[in-house]
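This report concerns only the one structure given below.
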Amino acid sequence: MAEALLATLVLLPVVLTFLLKSDAAASFLTLCGGFAAITLSGSDIQHLIGKTKITSLTSNNISLVLLIAPLLLTLLLTFKNAAGSRRRLLQLIPALCAGGLLAAVAAPMFSDSLNTNLSGSQVWKDLQSIQSYIVGAGLLASLLLIWSSSFHAPKPHKKHK
């Protein structure tokens with residue numbers, strides 16, 4: 001069960017990027033932004049939830065929303081943004097890195113929400129051990145894709161008669 005959920009988390013951005021022809025570079029950077037927001041404001045979120053007296057909301061639920069919602073919105077809003085088969089294949093690198101980072105970060109949160117031990121899985125332990133490589137490769141691939149898209153040669157203008 002744990003391995004299936006982790007595989008789903010890893011492959012979800014890859015499948016959505018491929019099917020929607022979305023910009024995986026932007027989605028990876030969005031995921032990193034969500035992770036930074038959770039990391040930097042985790043205690044503030046917990047404090048805010050304590051003040052609202054909503055018992056069904058936990059800080060893990062809010063953290064999952066802050067992590068997953070921007071990623072999915074970015075993939076949907078950049079629908080058909082990656083043109084060309086070569087560029088589309090290159091998008092799979094940051095998509096796979098986004099999935100790996102999503103699984104590594106969200107597994108403990110899902111463990112609490114679903115009452116399963118995802119963080120005890122060998123797959124999660126492997127993801128944790130290569131997490132810095134996932135972030136580095138995803139960041140490098142995302143930046144190269146973004147930079148390369150801005151260096152297109154200008155198209156020659158046709159003269160109208």
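Following the order of the structure tokens, chains are lettered A, B, ..., residues in each are numbered from 1, and ligands are numbered from 1.
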Considering only C-alpha atoms, tabulate each residue of range 33-149 of chain A that lies at most 10 Å from range 1-10 of chain A along with its nearest interatomic pair and the corresponding distance in Å to one decimal; arrange the rows by chain and ascending residue number and present them as JSON lines.
```
{"residue": "A:Ala95", "atom": "CA", "partner": "A:Val10", "partner_atom": "CA", "distance": 8.8}
{"residue": "A:Leu96", "atom": "CA", "partner": "A:Val10", "partner_atom": "CA", "distance": 6.7}
{"residue": "A:Cys97", "atom": "CA", "partner": "A:Val10", "partner_atom": "CA", "distance": 8.1}
{"residue": "A:Ala98", "atom": "CA", "partner": "A:Val10", "partner_atom": "CA", "distance": 7.5}
{"residue": "A:Gly99", "atom": "CA", "partner": "A:Val10", "partner_atom": "CA", "distance": 3.7}
{"residue": "A:Gly100", "atom": "CA", "partner": "A:Val10", "partner_atom": "CA", "distance": 5.0}
{"residue": "A:Leu101", "atom": "CA", "partner": "A:Val10", "partner_atom": "CA", "distance": 7.8}
{"residue": "A:Leu102", "atom": "CA", "partner": "A:Leu9", "partner_atom": "CA", "distance": 6.5}
{"residue": "A:Ala103", "atom": "CA", "partner": "A:Leu9", "partner_atom": "CA", "distance": 5.3}
{"residue": "A:Ala104", "atom": "CA", "partner": "A:Leu6", "partner_atom": "CA", "distance": 8.4}
{"residue": "A:Ala106", "atom": "CA", "partner": "A:Leu9", "partner_atom": "CA", "distance": 8.5}
{"residue": "A:Ala107", "atom": "CA", "partner": "A:Leu6", "partner_atom": "CA", "distance": 7.3}
{"residue": "A:Phe110", "atom": "CA", "partner": "A:Leu5", "partner_atom": "CA", "distance": 9.3}
{"residue": "A:Ser111", "atom": "CA", "partner": "A:Ala2", "partner_atom": "CA", "distance": 9.1}
{"residue": "A:Thr116", "atom": "CA", "partner": "A:Ala2", "partner_atom": "CA", "distance": 7.4}
{"residue": "A:Asn117", "atom": "CA", "partner": "A:Ala2", "partner_atom": "CA", "distance": 7.0}
{"residue": "A:Leu118", "atom": "CA", "partner": "A:Ala2", "partner_atom": "CA", "distance": 5.1}
{"residue": "A:Ser119", "atom": "CA", "partner": "A:Ala2", "partner_atom": "CA", "distance": 8.5}
{"residue": "A:Gly120", "atom": "CA", "partner": "A:Ala2", "partner_atom": "CA", "distance": 8.6}
{"residue": "A:Ser121", "atom": "CA", "partner": "A:Ala2", "partner_atom": "CA", "distance": 6.5}
{"residue": "A:Gln122", "atom": "CA", "partner": "A:Glu3", "partner_atom": "CA", "distance": 8.3}
{"residue": "A:Val123", "atom": "CA", "partner": "A:Glu3", "partner_atom": "CA", "distance": 6.5}
{"residue": "A:Trp124", "atom": "CA", "partner": "A:Leu6", "partner_atom": "CA", "distance": 7.3}
{"residue": "A:Leu127", "atom": "CA", "partner": "A:Leu6", "partner_atom": "CA", "distance": 9.7}
```
Non-local contacts of Phe79 in chain A (10 Å; only C-alpha atoms; under 6 positions in same chain excluded) as a PDB file with N, CA and C atoms, in the first residue's frame:
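Now in result_39.pdb:
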```pdb
ATOM      1  N   LEU A  16       0.695  13.958 -15.605  1.00  0.00           N
ATOM      2  CA  LEU A  16      -0.031  15.191 -15.913  1.00  0.00           C
ATOM      3  C   LEU A  16       0.748  16.085 -16.869  1.00  0.00           C
ATOM      4  N   THR A  17       2.055  16.166 -16.684  1.00  0.00           N
ATOM      5  CA  THR A  17       2.876  16.966 -17.590  1.00  0.00           C
ATOM      6  C   THR A  17       2.802  16.419 -19.006  1.00  0.00           C
ATOM      7  N   LEU A  19       0.441  14.342 -20.385  1.00  0.00           N
ATOM      8  CA  LEU A  19      -0.906  14.385 -20.968  1.00  0.00           C
ATOM      9  C   LEU A  19      -1.378  15.802 -21.253  1.00  0.00           C
ATOM     10  N   LEU A  20      -1.070  16.727 -20.355  1.00  0.00           N
ATOM     11  CA  LEU A  20      -1.524  18.108 -20.533  1.00  0.00           C
ATOM     12  C   LEU A  20      -0.551  18.960 -21.331  1.00  0.00           C
ATOM     13  N   LYS A  21       0.630  18.413 -21.618  1.00  0.00           N
ATOM     14  CA  LYS A  21       1.690  19.163 -22.294  1.00  0.00           C
ATOM     15  C   LYS A  21       1.999  20.450 -21.530  1.00  0.00           C
ATOM     16  N   SER A  22       2.083  20.303 -20.210  1.00  0.00           N
ATOM     17  CA  SER A  22       2.270  21.446 -19.316  1.00  0.00           C
ATOM     18  C   SER A  22       3.746  21.758 -19.113  1.00  0.00           C
ATOM     19  N   ASP A  23       3.987  22.878 -18.474  1.00  0.00           N
ATOM     20  CA  ASP A  23       5.337  23.338 -18.196  1.00  0.00           C
ATOM     21  C   ASP A  23       5.809  22.765 -16.856  1.00  0.00           C
ATOM     22  N   LEU A  73      -2.413  23.387  -9.898  1.00  0.00           N
ATOM     23  CA  LEU A  73      -2.874  24.588 -10.604  1.00  0.00           C
ATOM     24  C   LEU A  73      -1.886  25.016 -11.684  1.00  0.00           C
TER      25      LEU A  73
END
```
Excluding same-chain residues fewer than 5 positions from Gly138 in chain A, what lies within 12 Å of it counting only C-alpha atoms, as a ChimeraX atom specification? /A:24-32,90-102,131-133,143-145
Tell me, in Å to one decimal, how far CA of Gly34 in chain A is from CA of Leu66 in chain A.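 Straight-line distance from CA of Gly34 in chain A to CA of Leu66 in chain A works out to 5.7 Å.
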Coordinates-based distance that separates CA of Ile130 in chain A from CA of Gly42 in chain A (Å, one decimal):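 So the two atoms, CA of Gly42 in chain A and CA of Ile130 in chain A, lie 23.6 Å apart.
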Quick one, how far is CA of Lys125 in chain A from CA of Ile38 in chain A?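 That distance, rounded to one decimal, is 20.9 Å.
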